[in-house]
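Text of the file model25.csv, holding CSV, C-alpha atoms:
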chain,number,residue,atom,x,y,z
Z,1471,MET,CA,22.4,-18.8,-6.0
Z,1472,MET,CA,24.0,-17.9,-9.2
Z,1473,ASN,CA,27.4,-17.0,-10.5
Z,1474,LYS,CA,27.3,-13.2,-10.2
Z,1475,LYS,CA,29.5,-10.2,-9.7
Z,1476,GLY,CA,30.8,-9.3,-6.3
Z,1477,MET,CA,29.9,-6.2,-4.4
Z,1478,LEU,CA,32.0,-3.1,-3.8
Z,1479,ILE,CA,31.8,-2.0,-0.2
Z,1480,VAL,CA,33.0,1.5,0.5
Z,1481,TYR,CA,33.8,1.8,4.1
Z,1482,SER,CA,34.7,5.1,5.8
Z,1483,GLY,CA,34.8,6.9,9.2
Z,1484,PRO,CA,37.1,9.2,11.0
Z,1485,SER,CA,40.5,8.2,12.1
Z,1486,GLY,CA,40.2,6.4,15.5
Z,1487,VAL,CA,36.6,5.4,15.2
Z,1488,GLY,CA,37.6,1.7,15.0
Z,1489,LYS,CA,37.0,0.8,11.4
Z,1490,GLY,CA,39.8,-1.8,11.3
Z,1491,THR,CA,38.7,-3.4,14.5
Z,1492,LEU,CA,35.2,-3.8,13.3
Z,1493,MET,CA,36.1,-5.1,9.8
Z,1494,ALA,CA,38.7,-7.6,10.8
Z,1495,PRO,CA,36.3,-10.2,12.2
Z,1496,TYR,CA,34.0,-9.8,9.2
Z,1497,LEU,CA,36.9,-10.5,6.7
Z,1498,LYS,CA,38.0,-13.5,8.8
Z,1499,ALA,CA,34.5,-15.0,8.7
Z,1500,HIS,CA,33.9,-14.1,5.0
Z,1501,PRO,CA,36.6,-15.4,2.7
Z,1502,GLU,CA,34.5,-14.1,-0.2
Z,1503,ALA,CA,35.3,-10.6,0.9
Z,1504,VAL,CA,38.8,-9.0,0.5
Z,1505,LEU,CA,40.2,-5.7,1.6
Z,1506,SER,CA,41.6,-3.5,-1.1
Z,1507,VAL,CA,45.1,-2.3,-0.3
Z,1508,SER,CA,45.4,1.5,-0.9
Z,1509,MET,CA,48.4,3.3,-2.2
Z,1510,THR,CA,49.7,6.3,-0.2
Z,1511,THR,CA,52.5,8.7,0.0
Z,1512,ARG,CA,52.3,9.1,3.7
Z,1513,ALA,CA,55.1,7.6,5.8
Z,1514,PRO,CA,54.6,4.2,7.4
Z,1515,ARG,CA,53.6,4.2,11.1
Z,1516,PRO,CA,55.7,2.0,13.4
Z,1517,GLY,CA,54.7,-1.6,12.7
Z,1518,GLU,CA,53.1,-1.0,9.3
Z,1519,THR,CA,54.4,-3.2,6.5
Z,1520,ASP,CA,54.3,-2.3,2.9
Z,1521,GLY,CA,51.5,-4.1,1.0
Z,1522,VAL,CA,49.4,-4.9,4.1
Z,1523,ALA,CA,47.6,-1.7,5.3
Z,1524,TYR,CA,49.0,0.3,2.4
Z,1525,TYR,CA,51.4,0.3,-0.5
Z,1526,PHE,CA,53.8,3.0,0.5
Z,1527,VAL,CA,55.1,4.9,-2.5
Z,1528,THR,CA,56.8,8.1,-3.5
Z,1529,ARG,CA,54.9,11.1,-4.9
Z,1530,GLU,CA,56.5,10.5,-8.2
Z,1531,ARG,CA,55.3,6.9,-8.4
Z,1532,PHE,CA,51.8,8.0,-7.2
Z,1533,GLU,CA,51.5,10.7,-9.9
Z,1534,GLN,CA,52.6,8.2,-12.5
Z,1535,GLU,CA,49.7,6.0,-11.5
Z,1536,ILE,CA,47.3,8.9,-11.8
Z,1537,ALA,CA,48.7,9.7,-15.3
Z,1538,GLN,CA,48.2,6.1,-16.4
Z,1539,ASN,CA,44.6,6.0,-15.1
Z,1540,GLY,CA,45.7,3.2,-12.7
Z,1541,LEU,CA,43.7,4.5,-9.8
Z,1542,LEU,CA,40.0,4.1,-9.2
Z,1543,GLU,CA,40.0,7.2,-7.0
Z,1544,TYR,CA,42.6,9.3,-5.2
Z,1545,ALA,CA,42.5,12.2,-2.9
Z,1546,GLN,CA,44.9,14.4,-1.0
Z,1547,TYR,CA,44.4,14.3,2.8
Z,1548,SER,CA,46.6,15.9,5.4
Z,1549,GLY,CA,49.1,16.7,2.7
Z,1550,ASN,CA,49.5,13.1,1.4
Z,1551,TYR,CA,48.0,11.2,-1.5
Z,1552,TYR,CA,45.8,8.2,-0.9
Z,1553,GLY,CA,44.4,6.1,-3.8
Z,1554,THR,CA,42.8,2.8,-4.8
Z,1555,PRO,CA,44.6,0.7,-7.4
Z,1556,ARG,CA,42.0,0.0,-10.1
Z,1557,ALA,CA,43.1,-3.5,-11.5
Z,1558,MET,CA,42.7,-5.6,-8.3
Z,1559,VAL,CA,39.3,-4.1,-7.5
Z,1560,GLU,CA,37.8,-4.7,-11.0
Z,1561,GLU,CA,39.2,-8.2,-11.3
Z,1562,ARG,CA,38.0,-9.4,-7.9
Z,1563,ILE,CA,34.5,-8.1,-8.4
Z,1564,ALA,CA,34.3,-9.7,-11.9
Z,1565,GLN,CA,35.3,-13.0,-10.2
Z,1566,GLY,CA,32.4,-12.7,-7.7
Z,1567,GLN,CA,34.4,-11.5,-4.7
Z,1568,ASP,CA,33.3,-8.6,-2.5
Z,1569,VAL,CA,35.9,-5.9,-2.2
Z,1570,VAL,CA,36.1,-3.5,0.8
Z,1571,LEU,CA,37.5,-0.1,0.2
Z,1572,GLU,CA,38.5,1.6,3.4
Z,1573,ILE,CA,38.9,5.1,2.1
Z,1574,GLU,CA,38.4,8.8,3.0
Z,1575,VAL,CA,35.2,10.7,2.3
Z,1576,GLN,CA,36.6,12.5,-0.7
Z,1577,GLY,CA,37.6,9.3,-2.4
Z,1578,ALA,CA,34.3,7.6,-1.5
Z,1579,MET,CA,32.3,10.4,-3.2
Z,1580,LYS,CA,34.3,9.8,-6.4
Z,1581,ILE,CA,33.5,6.1,-6.2
Z,1582,LYS,CA,29.8,7.0,-5.8
Z,1583,LYS,CA,29.9,8.6,-9.3
Z,1584,THR,CA,31.6,5.7,-11.0
Z,1585,PHE,CA,30.2,2.7,-9.0
Z,1586,PRO,CA,26.6,3.6,-8.2
Z,1587,ASP,CA,25.9,0.0,-7.2
Z,1588,ALA,CA,28.5,0.1,-4.4
Z,1589,VAL,CA,27.2,0.1,-0.8
Z,1590,PHE,CA,28.4,3.0,1.3
Z,1591,ILE,CA,29.0,2.4,5.0
Z,1592,PHE,CA,30.2,5.0,7.5
Z,1593,VAL,CA,31.3,4.2,11.1
Z,1594,LEU,CA,30.2,6.8,13.6
Z,1595,PRO,CA,31.4,7.2,17.2
Z,1596,PRO,CA,28.6,7.4,19.8
Z,1597,SER,CA,29.8,10.9,20.6
Z,1598,PHE,CA,32.6,13.3,19.5
Z,1599,GLU,CA,34.0,13.0,23.0
Z,1600,VAL,CA,34.6,9.3,22.6
Z,1601,LEU,CA,36.5,9.9,19.4
Z,1602,GLU,CA,38.5,12.6,21.0
Z,1603,GLN,CA,39.5,10.2,23.8
Z,1604,ARG,CA,40.5,7.5,21.4
Z,1605,LEU,CA,42.6,9.8,19.3
Z,1606,THR,CA,44.4,11.4,22.2
Z,1607,GLY,CA,44.9,8.1,24.0
Z,1608,ARG,CA,46.7,6.5,21.0
Z,1609,GLY,CA,49.8,8.4,22.1
Z,1610,THR,CA,51.8,7.7,19.0
Z,1611,GLU,CA,51.5,11.2,17.5
Z,1612,PRO,CA,52.6,14.7,18.7
Z,1613,PRO,CA,49.7,16.9,19.9
Z,1614,GLU,CA,49.6,19.1,16.8
Z,1615,VAL,CA,49.1,16.0,14.7
Z,1616,VAL,CA,46.3,14.9,17.0
Z,1617,ALA,CA,44.7,18.4,16.8
Z,1618,LYS,CA,44.9,18.3,13.0
Z,1619,ARG,CA,43.4,14.8,12.9
Z,1620,LEU,CA,40.5,15.9,15.2
Z,1621,ALA,CA,39.7,18.8,12.9
Z,1622,ALA,CA,39.8,16.4,9.9
Z,1623,ALA,CA,37.6,13.9,11.8
Z,1624,LYS,CA,35.0,16.7,12.5
Z,1625,ALA,CA,35.0,17.5,8.8
Z,1626,GLU,CA,34.5,13.8,7.9
Z,1627,LEU,CA,31.7,13.3,10.4
Z,1628,HIS,CA,29.7,16.0,8.5
Z,1629,SER,CA,29.8,13.8,5.4
Z,1630,ALA,CA,28.3,10.8,7.1
Z,1631,SER,CA,24.9,11.6,5.7
Z,1632,LEU,CA,26.1,11.0,2.2
Z,1633,TYR,CA,26.5,7.2,3.0
Z,1634,ASP,CA,23.8,4.5,2.8
Z,1635,TYR,CA,24.3,3.0,6.2
Z,1636,ILE,CA,25.7,4.2,9.6
Z,1637,ILE,CA,27.4,1.8,12.0
Z,1638,VAL,CA,27.5,3.4,15.5
Z,1639,ASN,CA,30.6,1.9,17.2
Z,1640,ASP,CA,29.2,2.2,20.7
Z,1641,GLU,CA,30.2,-1.3,21.7
Z,1642,VAL,CA,32.5,-3.4,19.4
Z,1643,GLY,CA,30.4,-6.6,19.6
Z,1644,ARG,CA,27.1,-5.0,18.7
Z,1645,ALA,CA,28.7,-2.7,16.1
Z,1646,GLY,CA,30.3,-5.8,14.5
Z,1647,GLU,CA,26.9,-7.5,14.3
Z,1648,ARG,CA,25.5,-4.4,12.7
Z,1649,LEU,CA,28.3,-4.4,10.1
Z,1650,GLU,CA,27.6,-8.0,9.3
Z,1651,ALA,CA,23.9,-7.3,9.0
Z,1652,VAL,CA,24.4,-4.3,6.8
Z,1653,ILE,CA,26.6,-6.1,4.3
Z,1654,CYS,CA,24.2,-9.1,4.2
Z,1655,ALA,CA,21.2,-6.9,3.8
Z,1656,ALA,CA,22.9,-4.8,1.1
Z,1657,LYS,CA,22.9,-7.9,-1.0
Z,1658,CYS,CA,19.2,-8.3,-0.5
Z,1659,GLN,CA,18.5,-4.8,-1.9
Z,1660,THR,CA,15.9,-4.9,-4.6
Z,1661,LYS,CA,18.3,-3.3,-7.1
Z,1662,TYR,CA,20.5,-6.4,-7.0
Z,1663,MET,CA,17.5,-8.7,-7.4
Z,1664,LYS,CA,16.1,-7.5,-10.7
Z,1665,ASN,CA,17.2,-10.6,-12.7
Z,1666,LEU,CA,15.7,-13.0,-10.1
Z,1667,ILE,CA,12.4,-11.0,-9.9
Z,1668,ASP,CA,12.1,-11.1,-13.7
Z,1669,LYS,CA,12.9,-14.8,-13.8
Z,1670,VAL,CA,10.4,-15.8,-11.1
Z,1671,SER,CA,7.6,-13.6,-12.2
Z,1672,GLU,CA,7.9,-14.1,-16.0
R,1148,MET,CA,20.8,4.3,22.3
R,1149,MET,CA,18.0,6.7,22.8
R,1150,ASN,CA,14.3,6.6,23.4
R,1151,LYS,CA,13.0,6.7,19.9
R,1152,LYS,CA,10.0,5.6,17.8
R,1153,GLY,CA,9.7,2.1,16.5
R,1154,MET,CA,9.9,1.0,12.9
R,1155,LEU,CA,7.1,0.0,10.7
R,1156,ILE,CA,8.0,-3.2,8.8
R,1157,VAL,CA,5.9,-3.9,5.8
R,1158,TYR,CA,6.2,-7.6,4.9
R,1159,SER,CA,4.7,-9.2,1.8
R,1160,GLY,CA,5.1,-12.1,-0.6
R,1161,PRO,CA,2.8,-14.5,-2.4
R,1162,SER,CA,0.7,-17.0,-0.6
R,1163,GLY,CA,2.7,-20.1,0.1
R,1164,VAL,CA,6.1,-18.5,0.0
R,1165,GLY,CA,6.7,-19.0,3.7
R,1166,LYS,CA,6.3,-15.6,5.1
R,1167,GLY,CA,5.0,-16.8,8.5
R,1168,THR,CA,7.6,-19.5,8.8
R,1169,LEU,CA,10.4,-17.0,8.3
R,1170,MET,CA,8.9,-14.3,10.6
R,1171,ALA,CA,8.0,-16.5,13.6
R,1172,PRO,CA,11.6,-17.1,14.8
R,1173,TYR,CA,12.4,-13.4,14.4
R,1174,LEU,CA,9.4,-12.3,16.5
R,1175,LYS,CA,10.3,-14.9,19.1
R,1176,ALA,CA,13.9,-13.6,19.3
R,1177,HIS,CA,12.8,-9.9,19.3
R,1178,PRO,CA,10.2,-9.1,21.9
R,1179,GLU,CA,10.5,-5.4,20.8
R,1180,ALA,CA,8.8,-6.4,17.5
R,1181,VAL,CA,5.1,-7.2,17.3
R,1182,LEU,CA,2.9,-8.5,14.5
R,1183,SER,CA,-0.1,-6.4,13.6
R,1184,VAL,CA,-3.3,-8.5,13.4
R,1185,SER,CA,-5.2,-7.7,10.3
R,1186,MET,CA,-8.9,-7.6,9.9
R,1187,THR,CA,-10.5,-9.6,7.1
R,1188,THR,CA,-13.9,-10.7,5.8
R,1189,ARG,CA,-12.6,-14.0,4.5
R,1190,ALA,CA,-13.7,-17.2,6.3
R,1191,PRO,CA,-11.3,-18.6,8.8
R,1192,ARG,CA,-9.3,-21.7,7.6
R,1193,PRO,CA,-9.4,-24.8,9.8
R,1194,GLY,CA,-7.4,-24.1,12.9
R,1195,GLU,CA,-7.4,-20.3,12.6
R,1196,THR,CA,-8.5,-18.5,15.8
R,1197,ASP,CA,-10.1,-15.0,15.7
R,1198,GLY,CA,-7.6,-12.4,16.9
R,1199,VAL,CA,-4.5,-14.5,16.2
R,1200,ALA,CA,-3.7,-14.5,12.4
R,1201,TYR,CA,-6.7,-12.2,11.7
R,1202,TYR,CA,-9.7,-10.6,13.2
R,1203,PHE,CA,-12.5,-12.2,11.3
R,1204,VAL,CA,-15.4,-9.8,10.7
R,1205,THR,CA,-18.5,-9.3,8.5
R,1206,ARG,CA,-18.5,-7.0,5.5
R,1207,GLU,CA,-20.8,-4.7,7.4
R,1208,ARG,CA,-18.4,-4.3,10.3
R,1209,PHE,CA,-15.4,-3.9,7.9
R,1210,GLU,CA,-17.2,-1.1,6.0
R,1211,GLN,CA,-18.0,0.6,9.3
R,1212,GLU,CA,-14.2,0.7,10.1
R,1213,ILE,CA,-13.5,2.2,6.7
R,1214,ALA,CA,-16.1,4.9,7.2
R,1215,GLN,CA,-14.7,5.7,10.7
R,1216,ASN,CA,-11.1,5.9,9.3
R,1217,GLY,CA,-10.2,3.1,11.6
R,1218,LEU,CA,-7.9,1.4,9.1
R,1219,LEU,CA,-4.4,2.3,8.0
R,1220,GLU,CA,-4.9,0.6,4.7
R,1221,TYR,CA,-7.3,-1.9,3.2
R,1222,ALA,CA,-7.7,-3.7,0.0
R,1223,GLN,CA,-10.0,-6.2,-1.7
R,1224,TYR,CA,-8.2,-9.4,-2.6
R,1225,SER,CA,-9.9,-12.6,-4.0
R,1226,GLY,CA,-13.3,-11.0,-3.2
R,1227,ASN,CA,-12.5,-10.3,0.5
R,1228,TYR,CA,-11.5,-7.3,2.4
R,1229,TYR,CA,-8.2,-7.2,4.3
R,1230,GLY,CA,-7.2,-4.2,6.4
R,1231,THR,CA,-4.9,-3.0,9.1
R,1232,PRO,CA,-6.5,-1.5,12.3
R,1233,ARG,CA,-4.8,1.9,12.7
R,1234,ALA,CA,-4.8,2.4,16.5
R,1235,MET,CA,-2.6,-0.5,17.6
R,1236,VAL,CA,0.1,0.3,14.9
R,1237,GLU,CA,0.3,4.0,15.8
R,1238,GLU,CA,0.4,3.3,19.6
R,1239,ARG,CA,3.1,0.6,19.4
R,1240,ILE,CA,5.4,2.7,17.1
R,1241,ALA,CA,5.0,5.7,19.4
R,1242,GLN,CA,6.1,3.5,22.3
R,1243,GLY,CA,9.2,2.4,20.5
R,1244,GLN,CA,8.1,-1.0,19.4
R,1245,ASP,CA,8.6,-2.3,15.8
R,1246,VAL,CA,5.4,-3.3,14.1
R,1247,VAL,CA,5.3,-5.9,11.4
R,1248,LEU,CA,2.5,-5.6,8.8
R,1249,GLU,CA,2.1,-8.8,6.9
R,1250,ILE,CA,0.0,-7.5,4.0
R,1251,GLU,CA,-0.8,-7.8,0.3
R,1252,VAL,CA,0.9,-5.6,-2.3
R,1253,GLN,CA,-2.1,-3.3,-2.8
R,1254,GLY,CA,-2.1,-2.4,0.9
R,1255,ALA,CA,1.6,-2.1,1.1
R,1256,MET,CA,1.7,0.5,-1.7
R,1257,LYS,CA,-0.9,2.5,0.3
R,1258,ILE,CA,1.3,2.4,3.4
R,1259,LYS,CA,4.3,3.6,1.2
R,1260,LYS,CA,2.4,6.8,0.6
R,1261,THR,CA,1.5,7.4,4.3
R,1262,PHE,CA,4.6,5.9,6.0
R,1263,PRO,CA,7.6,6.7,3.8
R,1264,ASP,CA,9.9,5.7,6.6
R,1265,ALA,CA,8.6,2.2,6.8
R,1266,VAL,CA,10.9,-0.6,5.5
R,1267,PHE,CA,9.4,-2.7,2.7
R,1268,ILE,CA,10.4,-6.4,2.6
R,1269,PHE,CA,9.2,-8.9,0.0
R,1270,VAL,CA,9.7,-12.7,0.2
R,1271,LEU,CA,10.5,-14.3,-3.1
R,1272,PRO,CA,10.5,-18.0,-3.9
R,1273,PRO,CA,13.7,-19.3,-5.6
R,1274,SER,CA,11.5,-20.1,-8.6
R,1275,PHE,CA,7.9,-20.1,-9.6
R,1276,GLU,CA,7.9,-23.9,-9.7
R,1277,VAL,CA,8.8,-24.1,-6.1
R,1278,LEU,CA,5.9,-21.8,-5.2
R,1279,GLU,CA,3.5,-23.9,-7.4
R,1280,GLN,CA,4.6,-27.1,-5.6
R,1281,ARG,CA,4.1,-25.5,-2.1
R,1282,LEU,CA,0.6,-24.1,-3.0
R,1283,THR,CA,-0.5,-27.4,-4.6
R,1284,GLY,CA,0.9,-29.5,-1.8
R,1285,ARG,CA,-1.0,-27.7,0.9
R,1286,GLY,CA,-4.0,-29.7,0.0
R,1287,THR,CA,-6.5,-27.7,2.0
R,1288,GLU,CA,-8.1,-26.0,-0.9
R,1289,PRO,CA,-10.0,-27.1,-4.0
R,1290,PRO,CA,-8.0,-26.9,-7.4
R,1291,GLU,CA,-9.9,-23.9,-8.6
R,1292,VAL,CA,-8.9,-22.0,-5.5
R,1293,VAL,CA,-5.3,-23.0,-5.9
R,1294,ALA,CA,-5.4,-21.9,-9.6
R,1295,LYS,CA,-6.8,-18.6,-8.5
R,1296,ARG,CA,-4.1,-18.2,-5.9
R,1297,LEU,CA,-1.3,-19.1,-8.3
R,1298,ALA,CA,-2.6,-16.3,-10.7
R,1299,ALA,CA,-2.7,-13.9,-7.8
R,1300,ALA,CA,0.8,-15.0,-6.7
R,1301,LYS,CA,2.1,-14.3,-10.2
R,1302,ALA,CA,0.6,-10.8,-10.1
R,1303,GLU,CA,2.1,-10.2,-6.6
R,1304,LEU,CA,5.6,-11.3,-7.8
R,1305,HIS,CA,5.5,-8.6,-10.5
R,1306,SER,CA,5.4,-6.0,-7.7
R,1307,ALA,CA,8.4,-7.3,-5.8
R,1308,SER,CA,10.5,-4.6,-7.4
R,1309,LEU,CA,8.5,-1.9,-5.5
R,1310,TYR,CA,10.0,-3.1,-2.2
R,1311,ASP,CA,13.3,-2.1,-0.5
R,1312,TYR,CA,14.6,-5.6,0.2
R,1313,ILE,CA,14.0,-9.1,-1.3
R,1314,ILE,CA,14.4,-12.2,0.9
R,1315,VAL,CA,14.8,-15.3,-1.3
R,1316,ASN,CA,13.3,-18.2,0.6
R,1317,ASP,CA,15.6,-20.8,-0.9
R,1318,GLU,CA,16.4,-22.4,2.4
R,1319,VAL,CA,14.5,-21.5,5.6
R,1320,GLY,CA,17.6,-21.1,7.8
R,1321,ARG,CA,19.5,-18.9,5.5
R,1322,ALA,CA,16.4,-16.9,4.5
R,1323,GLY,CA,15.7,-16.3,8.2
R,1324,GLU,CA,19.2,-15.0,8.7
R,1325,ARG,CA,18.7,-12.6,5.8
R,1326,LEU,CA,15.4,-11.4,7.3
R,1327,GLU,CA,17.2,-10.8,10.6
R,1328,ALA,CA,20.0,-8.9,8.8
R,1329,VAL,CA,17.6,-6.8,6.7
R,1330,ILE,CA,15.6,-5.6,9.7
R,1331,CYS,CA,18.8,-4.8,11.7
R,1332,ALA,CA,20.4,-3.0,8.7
R,1333,ALA,CA,17.2,-1.1,8.0
R,1334,LYS,CA,17.7,0.6,11.4
R,1335,CYS,CA,21.2,1.6,10.3
R,1336,GLN,CA,20.0,3.4,7.3
R,1337,THR,CA,21.3,6.9,7.2
R,1338,LYS,CA,17.8,8.4,7.1
R,1339,TYR,CA,17.2,7.2,10.7
R,1340,MET,CA,20.5,8.5,11.9
R,1341,LYS,CA,20.2,12.2,11.1
R,1342,ASN,CA,19.8,13.2,14.7
R,1343,LEU,CA,22.9,11.3,15.8
R,1344,ILE,CA,25.0,12.5,12.9
R,1345,ASP,CA,24.0,16.1,13.7
R,1346,LYS,CA,24.8,15.6,17.4
R,1347,VAL,CA,28.3,14.0,16.8
R,1348,SER,CA,29.4,16.4,14.1
R,1349,GLU,CA,28.1,19.7,15.6

Whole structure, structure tokens version:
Amino acid sequence: MMNKKGMLIVYSGPSGVGKGTLMAPYLKAHPEAVLSVSMTTRAPRPGETDGVAYYFVTRERFEQEIAQNGLLEYAQYSGNYYGTPRAMVEERIAQGQDVVLEIEVQGAMKIKKTFPDAVFIFVLPPSFEVLEQRLTGRGTEPPEVVAKRLAAAKAELHSASLYDYIIVNDEVGRAGERLEAVICAAKCQTKYMKNLIDKVSE
Amino acid sequence: MMNKKGMLIVYSGPSGVGKGTLMAPYLKAHPEAVLSVSMTTRAPRPGETDGVAYYFVTRERFEQEIAQNGLLEYAQYSGNYYGTPRAMVEERIAQGQDVVLEIEVQGAMKIKKTFPDAVFIFVLPPSFEVLEQRLTGRGTEPPEVVAKRLAAAKAELHSASLYDYIIVNDEVGRAGERLEAVICAAKCQTKYMKNLIDKVSE
């Protein structure tokens, strides 16, 4: 309708809930939306390439970014740093692109303070048991890591109520439709329409 | 997911903006949603049948309903009463159906006080000129009625910012998709998910 800024989409949910599986088809169908690549000090998992899911960096490099105010938010999680490089996000939004930040709850709450216009979406499993099965079934991690991740997941789930929208991932097709609807509807929120309302009713 | 109450959808916009045209395909595709039939003292337009778009009643009958608390909201608009019969709305919502109230701004704001959980959707024309053309082009009303309706439309447009979501009716297909998305997303709002969040994170 008009040349306007893009939307910041903050997207969270516990490990194993299916965040990536739900978001991938959305990004494919919506070239105006891009995924922000986070920076982390955790080790790459098998098959992970630097610059795709994450930029994998040393603690020294990460702390340099912090010192230079180069991160929009960062948090420590399971002993590793995770953060969002600031420049890419701000540029893309200014150009009218939507930017998806797939980040942890701690980081999301920091974004809430600095980007009050962002939309906050949390992916919830239909039950904790389903999440437990998915995390145990992955089979790529030793049991103590899974246990630690389950405890972290429980803690994250408690924070779901701080988000604007909840996508229940009960069935991937329906959950994907809900995600699509939520992002479309977020753009119809009255707070983003003030200029048009003023123009039409003047 | 669970047997729960339906949602009250309050749906407004100026005369001629295309509210009915946008809502009809939604209702056809979603048998779980029903349109509330309002009661009015205005005269039926050519082709309008009692009990379909409105229940057409006398002022005496309408004032009887007011006295008996039989209306969820009512307002006077262009010299006529318009109101929402209470019983049907409350029954359907209790049964898990969504009820759409296509009502004026005055009435909508009364609903906002009594049903804070309702979702409030306003249909906006892409410009005032487009609305003017649609209202003038209808050709079923004398010019002084059109002028009065344009003034009323202007007044209604000023209230758009009191709603939760704005559907810009720039093109009927896209606007219909936005309406569909907004209703789907409204159900994903965190405030309706408290029970599930508690269950999953307990």

Lys1624 of chain Z proximity check over Z:Asp1668, Z:Glu1572, Z:Glu1611, Z:Glu1599, using all atoms listed in the file: winner is Z:Glu1599

Each residue of chain R lying at most 6 Å from chain Z should get a row with its shortest atom-to-atom pair and the distance in Å to one decimal, counting all atoms listed in the file; could you produce that, ordered by chain and increasing number, as JSON lines?
{"residue": "R:Ser1274", "atom": "CA", "partner": "Z:Val1670", "partner_atom": "CA", "distance": 5.1}
{"residue": "R:Phe1275", "atom": "CA", "partner": "Z:Val1670", "partner_atom": "CA", "distance": 5.2}
{"residue": "R:Lys1301", "atom": "CA", "partner": "Z:Ser1671", "partner_atom": "CA", "distance": 5.9}
{"residue": "R:Leu1304", "atom": "CA", "partner": "Z:Ser1671", "partner_atom": "CA", "distance": 5.4}
{"residue": "R:His1305", "atom": "CA", "partner": "Z:Ser1671", "partner_atom": "CA", "distance": 5.7}
{"residue": "R:Asp1311", "atom": "CA", "partner": "Z:Thr1660", "partner_atom": "CA", "distance": 5.6}
{"residue": "R:Tyr1312", "atom": "CA", "partner": "Z:Gln1659", "partner_atom": "CA", "distance": 4.5}
{"residue": "R:Ile1313", "atom": "CA", "partner": "Z:Cys1658", "partner_atom": "CA", "distance": 5.3}
{"residue": "R:Ala1328", "atom": "CA", "partner": "Z:Ala1651", "partner_atom": "CA", "distance": 4.2}
{"residue": "R:Val1329", "atom": "CA", "partner": "Z:Ala1655", "partner_atom": "CA", "distance": 4.6}
{"residue": "R:Ala1332", "atom": "CA", "partner": "Z:Val1652", "partner_atom": "CA", "distance": 4.6}
{"residue": "R:Cys1335", "atom": "CA", "partner": "Z:Ile1636", "partner_atom": "CA", "distance": 5.2}
{"residue": "R:Gln1336", "atom": "CA", "partner": "Z:Tyr1635", "partner_atom": "CA", "distance": 4.5}
{"residue": "R:Thr1337", "atom": "CA", "partner": "Z:Tyr1635", "partner_atom": "CA", "distance": 5.0}
{"residue": "R:Val1347", "atom": "CA", "partner": "Z:Phe1598", "partner_atom": "CA", "distance": 5.1}
{"residue": "R:Ser1348", "atom": "CA", "partner": "Z:Leu1627", "partner_atom": "CA", "distance": 5.3}

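The shell of residues at most 10 Å from Thr1610 of chain Z, with all atoms listed in the file counted and near chain neighbours (fewer than 6 positions) removed, consists of Z:Arg1515, Z:Pro1516, Z:Val1616.
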
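Neighbours of Pro1263 of chain R closer than or equal to 12 Å, with all atoms listed in the file counted and sequence neighbours fewer than 4 positions away skipped, come out as Met1154, Leu1155, Ile1156, Val1157, Ala1255, Met1256, Lys1257, Ile1258, Lys1259, Phe1267, Tyr1310, Asp1311, Lys1338 and Tyr1339 of chain R.
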
For this session: Find the spatial neighbours of Lys1583 of chain Z, counting all atoms listed in the file, within a cut-off of 12 Å - ignore same-chain residues fewer than 5 positions away - and output them as a ChimeraX atom specification.
Result: /Z:1542-1543,1576-1578,1588

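In this structure, atom CA of Gln1280 of chain R sits 16.0 Å away from atom CA of Val1319 of chain R.
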
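Taking atom CA of Gly1553 of chain Z as the reference point, atom CA of Phe1526 of chain Z is found at 10.8 Å.
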
If you count only C-alpha atoms, the residue of R:Pro1290, R:Gly1226, R:Gly1198, R:Gly1217 closest to Ser1183 of chain R turns out to be R:Gly1198

Tell me, as a PyMOL selection string, which residues lie within 12 Å of Ile1536 of chain Z, counting all atoms listed in the file; anything in the same chain fewer than 5 positions away does not count. chain Z and resi 1509+1529-1531+1541-1545+1551-1556

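In this structure, atom CA of Thr1510 of chain Z sits 13.8 Å away from atom CA of Leu1571 of chain Z.
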